[in-house]
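J.: Have a peek at protein23.txt (compact mmCIF, C-alpha atoms).
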```txt
# COMPACT_ATOMS: atom_id res chain seq x y z
CA MET A 1 -20.66 -77.84 10.60
CA GLU A 2 -18.66 -74.91 9.29
CA LYS A 3 -18.80 -71.85 11.55
CA MET A 4 -21.69 -69.57 10.59
CA THR A 5 -21.88 -65.85 11.23
CA ARG A 6 -24.89 -63.56 11.22
CA ARG A 7 -24.11 -62.41 7.69
CA SER A 8 -23.66 -65.94 6.34
CA LEU A 9 -26.94 -67.02 7.94
CA LEU A 10 -28.75 -64.16 6.26
CA ALA A 11 -27.09 -64.89 2.94
CA LEU A 12 -27.90 -68.67 3.00
CA PRO A 13 -31.10 -68.52 2.12
CA LEU A 14 -33.97 -67.16 0.53
CA LEU A 15 -33.86 -70.28 -1.49
CA ALA A 16 -36.45 -69.83 -4.18
CA PRO A 17 -39.29 -69.02 -3.89
CA PHE A 18 -38.27 -66.48 -1.25
CA ALA A 19 -35.67 -64.79 -3.45
CA ALA A 20 -38.52 -62.75 -4.88
CA LEU A 21 -39.40 -61.56 -1.40
CA VAL A 22 -36.06 -59.91 -0.91
CA SER A 23 -36.17 -58.21 -4.28
CA ALA A 24 -39.65 -56.86 -3.67
CA GLY A 25 -38.83 -55.82 -0.13
CA THR A 26 -35.69 -53.99 -1.18
CA ARG A 27 -37.53 -52.10 -3.88
CA GLY A 28 -40.17 -51.14 -1.36
CA GLN A 29 -37.58 -49.81 1.06
CA GLU A 30 -35.83 -47.81 -1.65
CA ALA A 31 -39.14 -46.28 -2.64
CA GLY A 32 -39.80 -45.27 0.95
CA GLN A 33 -42.86 -47.50 1.11
CA VAL A 34 -41.90 -49.55 4.16
CA PRO A 35 -43.56 -48.45 7.41
CA LYS A 36 -41.65 -48.48 10.69
CA LEU A 37 -42.24 -51.63 12.68
CA VAL A 38 -44.20 -51.25 15.87
CA LEU A 39 -45.02 -54.75 17.02
CA GLY A 40 -48.61 -55.16 18.07
CA ALA A 41 -49.72 -52.20 15.95
CA LYS A 42 -51.47 -52.55 12.60
CA THR A 43 -49.26 -51.19 9.85
CA PRO A 44 -50.44 -50.10 6.38
CA MET A 45 -49.87 -52.39 3.42
CA SER A 46 -47.44 -51.20 0.76
CA LEU A 47 -47.82 -52.54 -2.79
CA PRO A 48 -44.75 -54.85 -2.60
CA ARG A 49 -45.86 -56.16 0.80
CA GLU A 50 -49.35 -56.89 -0.53
CA LYS A 51 -47.86 -58.77 -3.50
CA ILE A 52 -45.76 -60.86 -1.13
CA ARG A 53 -48.82 -61.61 1.01
CA ARG A 54 -50.88 -62.76 -1.96
CA ARG A 55 -48.12 -64.91 -3.42
CA TYR A 56 -46.63 -66.59 -0.35
CA PHE A 57 -49.00 -66.36 2.63
CA PRO A 58 -52.40 -67.96 1.91
CA ASP A 59 -54.81 -67.06 4.69
CA VAL A 60 -55.97 -70.62 5.34
CA THR A 61 -57.60 -71.54 8.63
CA LEU A 62 -55.43 -73.65 10.95
CA THR A 63 -55.83 -75.10 14.44
CA THR A 64 -53.25 -74.65 17.18
CA HIS A 65 -52.07 -77.38 19.56
CA GLU A 66 -54.34 -75.71 22.12
CA GLY A 67 -57.40 -76.16 19.89
CA LYS A 68 -57.74 -72.54 18.79
CA GLN A 69 -58.66 -71.73 15.18
CA VAL A 70 -56.46 -69.09 13.54
CA ARG A 71 -55.92 -67.62 10.09
CA PHE A 72 -52.40 -68.12 8.79
CA TYR A 73 -51.72 -64.60 7.56
CA GLU A 74 -54.10 -62.34 9.46
CA ASP A 75 -53.60 -63.93 12.88
CA LEU A 76 -50.10 -65.43 12.71
CA ILE A 77 -47.92 -63.57 10.22
CA LYS A 78 -49.20 -60.02 9.71
CA ASP A 79 -47.26 -57.29 11.56
CA LYS A 80 -45.03 -59.82 13.32
CA VAL A 81 -41.49 -61.19 13.47
CA VAL A 82 -41.82 -64.94 13.08
CA VAL A 83 -39.92 -68.22 12.94
CA ILE A 84 -41.47 -71.06 10.92
CA ASN A 85 -40.55 -74.72 10.61
CA MET A 86 -42.25 -77.93 9.50
CA MET A 87 -42.35 -81.13 11.52
CA TYR A 88 -44.61 -84.02 12.56
CA ALA A 89 -45.21 -85.54 15.96
CA GLU A 90 -44.03 -89.11 15.27
CA CYS A 91 -40.88 -88.04 13.41
CA ASP A 92 -37.80 -89.87 14.72
CA GLY A 93 -35.37 -88.13 12.37
CA VAL A 94 -34.53 -84.45 12.23
CA CYS A 95 -37.73 -83.07 13.87
CA PRO A 96 -36.84 -83.70 17.55
CA ARG A 97 -33.37 -82.23 17.07
CA ILE A 98 -34.70 -79.09 15.40
CA THR A 99 -37.42 -78.74 18.03
CA SER A 100 -34.81 -79.03 20.79
CA ASN A 101 -32.77 -76.35 19.05
CA LEU A 102 -35.82 -74.10 18.84
CA VAL A 103 -36.36 -74.62 22.58
CA LYS A 104 -32.85 -73.21 23.11
CA LEU A 105 -33.75 -70.30 20.85
CA GLN A 106 -36.96 -69.80 22.82
CA ARG A 107 -34.92 -69.46 26.00
CA LEU A 108 -32.60 -66.92 24.37
CA PHE A 109 -35.55 -64.71 23.44
CA GLY A 110 -37.03 -65.05 26.92
CA ALA A 111 -39.74 -62.46 27.63
CA GLU A 112 -39.76 -61.40 23.96
CA MET A 113 -41.56 -64.64 23.08
CA GLY A 114 -45.20 -63.99 22.35
CA ARG A 115 -44.62 -60.25 22.45
CA ASP A 116 -41.91 -59.37 19.93
CA ILE A 117 -41.45 -62.72 18.20
CA PHE A 118 -43.57 -65.78 17.49
CA PHE A 119 -42.65 -69.39 16.60
CA TYR A 120 -44.84 -71.58 14.37
CA SER A 121 -44.32 -75.30 13.79
CA LEU A 122 -46.52 -76.63 10.98
CA THR A 123 -47.24 -80.35 10.77
CA LEU A 124 -46.41 -82.31 7.65
CA LYS A 125 -48.91 -85.01 8.62
CA PRO A 126 -52.19 -83.29 9.46
CA GLU A 127 -54.09 -86.54 8.96
CA LYS A 128 -52.32 -87.87 12.08
CA ASP A 129 -51.39 -84.71 13.96
CA GLY A 130 -54.57 -83.33 15.45
CA PRO A 131 -54.48 -80.76 18.27
CA ALA A 132 -54.19 -83.49 20.93
CA ALA A 133 -51.13 -85.09 19.30
CA LEU A 134 -49.49 -81.70 18.81
CA ASN A 135 -50.29 -80.67 22.39
CA HIS A 136 -48.62 -83.84 23.66
CA TYR A 137 -45.58 -83.08 21.50
CA ALA A 138 -45.50 -79.48 22.79
CA LYS A 139 -45.56 -80.59 26.42
CA MET A 140 -42.93 -83.26 25.80
CA HIS A 141 -40.55 -80.70 24.31
CA LYS A 142 -41.37 -77.86 26.75
CA VAL A 143 -42.86 -75.54 24.16
CA GLY A 144 -43.70 -72.25 25.87
CA PRO A 145 -45.89 -69.17 25.27
CA GLY A 146 -45.48 -67.50 21.89
CA TRP A 147 -44.92 -70.82 20.11
CA SER A 148 -47.81 -72.54 18.33
CA LEU A 149 -47.89 -76.00 16.75
CA LEU A 150 -50.36 -75.97 13.88
CA THR A 151 -52.47 -78.39 11.90
CA GLY A 152 -55.20 -78.03 9.30
CA LYS A 153 -56.74 -79.60 6.23
CA PRO A 154 -54.16 -81.74 4.35
CA ALA A 155 -54.57 -79.65 1.18
CA ASP A 156 -54.01 -76.44 3.14
CA MET A 157 -50.89 -77.76 4.89
CA GLU A 158 -49.47 -78.89 1.55
CA LEU A 159 -50.25 -75.48 0.07
CA LEU A 160 -48.35 -73.78 2.90
CA ARG A 161 -45.42 -76.18 2.53
CA ARG A 162 -45.05 -75.27 -1.14
CA LYS A 163 -45.73 -71.55 -0.75
CA LEU A 164 -43.16 -71.26 2.05
CA GLY A 165 -40.56 -73.19 0.08
CA PHE A 166 -40.20 -76.27 2.30
CA THR A 167 -39.71 -78.45 -0.76
CA ASN A 168 -36.98 -80.61 -2.23
CA PRO A 169 -36.09 -80.21 -5.93
CA ASN A 170 -36.02 -84.00 -6.27
CA PRO A 171 -39.69 -85.05 -6.58
CA GLU A 172 -39.02 -88.56 -5.26
CA VAL A 173 -37.38 -87.18 -2.11
CA ASP A 174 -39.96 -84.41 -1.81
CA LYS A 175 -42.90 -86.81 -1.53
CA ASP A 176 -41.24 -88.68 1.37
CA SER A 177 -42.06 -86.67 4.51
CA SER A 178 -39.40 -88.55 6.49
CA GLN A 179 -36.79 -86.77 4.34
CA HIS A 180 -38.32 -83.33 4.66
CA ILE A 181 -36.33 -80.11 4.52
CA GLY A 182 -34.74 -79.31 7.88
CA ASN A 183 -34.58 -75.54 7.40
CA ILE A 184 -36.34 -72.86 9.38
CA ARG A 185 -37.68 -69.65 7.87
CA PHE A 186 -37.68 -66.41 9.77
CA GLY A 187 -38.86 -62.97 8.85
CA ASN A 188 -39.97 -59.49 9.72
CA GLU A 189 -43.28 -59.34 7.85
CA PRO A 190 -43.98 -55.57 7.81
CA GLN A 191 -40.38 -54.85 6.78
CA MET A 192 -40.45 -57.59 4.12
CA LEU A 193 -37.20 -59.09 5.40
CA TRP A 194 -36.99 -62.88 5.13
CA ALA A 195 -34.24 -65.45 5.46
CA ALA A 196 -33.66 -69.13 6.17
CA CYS A 197 -31.05 -71.32 7.79
CA PRO A 198 -30.52 -74.95 8.81
CA GLY A 199 -32.70 -75.79 11.78
CA GLN A 200 -29.73 -77.31 13.57
CA ALA A 201 -27.47 -74.27 13.27
CA LYS A 202 -26.29 -72.98 16.64
CA ALA A 203 -29.15 -71.32 18.48
CA LYS A 204 -27.06 -68.27 19.42
CA TRP A 205 -26.27 -67.59 15.74
CA ILE A 206 -29.92 -67.88 14.77
CA HIS A 207 -30.82 -65.60 17.68
CA GLU A 208 -28.32 -62.98 16.50
CA SER A 209 -29.65 -63.09 12.95
CA ILE A 210 -33.29 -62.78 13.97
CA SER A 211 -32.48 -60.02 16.47
CA TRP A 212 -30.89 -58.11 13.60
CA LEU A 213 -34.10 -58.48 11.57
CA MET A 214 -36.10 -57.12 14.50
CA ARG A 215 -34.31 -53.76 14.46
CA ARG A 216 -35.83 -50.55 13.16
CA PRO A 217 -35.36 -49.64 9.46
CA GLU A 218 -32.85 -46.86 10.11
CA VAL A 219 -30.61 -49.26 12.06
CA LEU A 220 -30.85 -51.86 9.29
CA ALA A 221 -29.87 -49.20 6.74
CA LYS A 222 -26.73 -48.26 8.68
CA ALA A 223 -25.72 -51.91 9.08
CA SER A 224 -25.99 -52.72 5.35
```
Take the structure from the file and write it as structure tokens.
T.:
Amino acid sequence: MEKMTRRSLLALPLLAPFAALVSAGTRGQEAGQVPKLVLGAKTPMSLPREKIRRRYFPDVTLTTHEGKQVRFYEDLIKDKVVVINMMYAECDGVCPRITSNLVKLQRLFGAEMGRDIFFYSLTLKPEKDGPAALNHYAKMHKVGPGWSLLTGKPADMELLRRKLGFTNPNPEVDKDSSQHIGNIRFGNEPQMLWAACPGQAKAKWIHESISWLMRRPEVLAKAS
């Protein structure tokens, strides 16, 4: 794989439909509408942020690998820095490799996991991946605190897949879950900053890119 820098990782991405997120987020920042990020605190909703929420983050109810029911936006995404990927427990293709890479990323974040950043792995096969199957997968891959594997109603999981842009433009490929997109999405929800990269990119490069997104607005402004 060609060497990837922080800037190239951040530029990869936003494959539609997330291109609109960047545009809306940038306009919000220019208008002075973006609140400073204080993780764990509830921040007010700007108009661009609310539009993004309505369009891309349906607040469907999901179940974690630990059997806890959560709402996708209100409990998992709102006011947080997050990493999102899609997988399924019996996948023998790209899923185990991406999960192993995310484990490396988990180690790099260390104590920040579950406090400053959260990982979410959404199943592509909810009809097979109940909480027990996902919990077994989590233990097998040494998934730690701050990382939830999630399942839900098949229609809701498909809705999330499409809203988050984990789709292939070729409809024949797209309907085959064994050939699913191997990207990860990551974002700073209150700052409306979102990007994507290959799930098998070097963990240290992904860590650098996400750490950059976690900075305060005035630091981001100076770096741009």
J.: Quick one: pull the distance between atom CA of Lys163 of chain A and atom CA of Leu134 of chain A, Å, one decimal.
T.: 22.4 Å
J.: Have a look at A:Ile117, A:Leu62, A:Leu47, A:Met214 and name the one nearest to Glu74 of chain A; count all atoms listed in the file.
T.: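 Checking each candidate against Glu74 of chain A, we get A:Leu62 as the closest.
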J.: Counting all atoms listed in the file, which residue out of A:Arg215, A:Lys104, A:Lys78, A:His65 sits closest to Met45 of chain A?
T.: A:Lys78
J.: One number please: atom CA of Tyr88 of chain A to atom CA of Asp129 of chain A, in Å, one decimal.
T.: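 Atom-to-atom, atom CA of Tyr88 of chain A to atom CA of Asp129 of chain A, that is 7.0 Å.
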J.: Taking every listed atom of segment 90-106 of chain A and adding 3 Å to each side, what centre and edge lengths in Å (one decimal) does the axis-aligned box have, as AutoDock Vina command-line options?
T.:
```
--center_x -38.4 --center_y -79.8 --center_z 17.7 --size_x 17.3 --size_y 26.1 --size_z 16.9
```
J.: For segment 143-148 of chain A, find every residue with an atom within 9 Å (counting only C-alpha atoms), except residues of its own chain fewer than 5 positions away, and show them as a list in words.
T.: Thr64, His65, Glu66, Thr99, Leu102, Val103, Gln106, Glu112, Met113, Gly114, Arg115, Ile117, Phe118, Phe119, Tyr120, Ser121, Leu122, Tyr137 and Ala138 of chain A
J.: Quick one: of A:Met192, A:Ala132, A:Ile206, A:Cys197, who's nearest to Ile77 of chain A, counting all atoms listed in the file?
T.: A:Met192
J.: Using all atoms listed in the file, which of the listed residues (A:Ala89, A:Val82, A:Leu193, A:Ile181) sits closest to His136 of chain A?
T.: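 Closest to His136 of chain A of all the choices is A:Ala89.
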J.: To one decimal place in Å, what is the distance between atom CA of Leu124 of chain A and atom CA of Met86 of chain A?
T.: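 A separation of 6.3 Å between them.
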J.: Out of A:Phe109, A:His180, A:Pro48, A:Gln200, which residue has the shortest atom-to-atom distance to Cys91 of chain A when counting all atoms listed in the file?
T.: A:His180
J.: Check the smallest atom-to-atom distance from each of A:Leu150, A:Ile52, A:Val83, A:Cys95 to Val70 of chain A using all atoms listed in the file, then report the winner.
T.: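 Ranked by minimum distance to Val70 of chain A, first place goes to A:Leu150.
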J.: Complete segment 158-173 of chain A at the level of N, CA and C atoms, written as a short mmCIF file (atom, residue, chain, number, x, y, z; two decimals), keeping the file's coordinate frame.
T.:
```
data_model
loop_
_atom_site.label_atom_id
_atom_site.label_comp_id
_atom_site.auth_asym_id
_atom_site.auth_seq_id
_atom_site.Cartn_x
_atom_site.Cartn_y
_atom_site.Cartn_z
N GLU A 158 -50.33 -78.70 2.72
CA GLU A 158 -49.47 -78.89 1.55
C GLU A 158 -49.29 -77.58 0.79
N LEU A 159 -50.34 -76.79 0.71
CA LEU A 159 -50.25 -75.48 0.07
C LEU A 159 -49.23 -74.60 0.80
N LEU A 160 -49.30 -74.58 2.12
CA LEU A 160 -48.35 -73.78 2.90
C LEU A 160 -46.92 -74.29 2.71
N ARG A 161 -46.76 -75.60 2.71
CA ARG A 161 -45.42 -76.18 2.53
C ARG A 161 -44.79 -75.69 1.23
N ARG A 162 -45.57 -75.68 0.16
CA ARG A 162 -45.05 -75.27 -1.14
C ARG A 162 -44.88 -73.75 -1.23
N LYS A 163 -45.83 -73.01 -0.70
CA LYS A 163 -45.73 -71.55 -0.75
C LYS A 163 -44.54 -71.05 0.06
N LEU A 164 -44.26 -71.68 1.18
CA LEU A 164 -43.16 -71.26 2.05
C LEU A 164 -41.82 -71.83 1.63
N GLY A 165 -41.82 -72.69 0.63
CA GLY A 165 -40.56 -73.19 0.08
C GLY A 165 -39.94 -74.35 0.83
N PHE A 166 -40.73 -75.10 1.60
CA PHE A 166 -40.20 -76.27 2.30
C PHE A 166 -40.28 -77.49 1.38
N THR A 167 -39.65 -77.39 0.24
CA THR A 167 -39.71 -78.45 -0.76
C THR A 167 -38.31 -78.88 -1.18
N ASN A 168 -38.24 -80.08 -1.71
CA ASN A 168 -36.98 -80.61 -2.23
C ASN A 168 -37.07 -80.65 -3.75
N PRO A 169 -36.03 -80.21 -4.47
CA PRO A 169 -36.09 -80.21 -5.93
C PRO A 169 -36.23 -81.60 -6.56
N ASN A 170 -35.86 -82.62 -5.80
CA ASN A 170 -36.02 -84.00 -6.27
C ASN A 170 -37.43 -84.47 -5.91
N PRO A 171 -38.30 -84.69 -6.88
CA PRO A 171 -39.69 -85.05 -6.58
C PRO A 171 -39.84 -86.34 -5.79
N GLU A 172 -38.93 -87.29 -5.99
CA GLU A 172 -39.02 -88.56 -5.26
C GLU A 172 -38.71 -88.35 -3.78
N VAL A 173 -37.72 -87.50 -3.50
CA VAL A 173 -37.38 -87.18 -2.11
C VAL A 173 -38.47 -86.31 -1.50
#
```
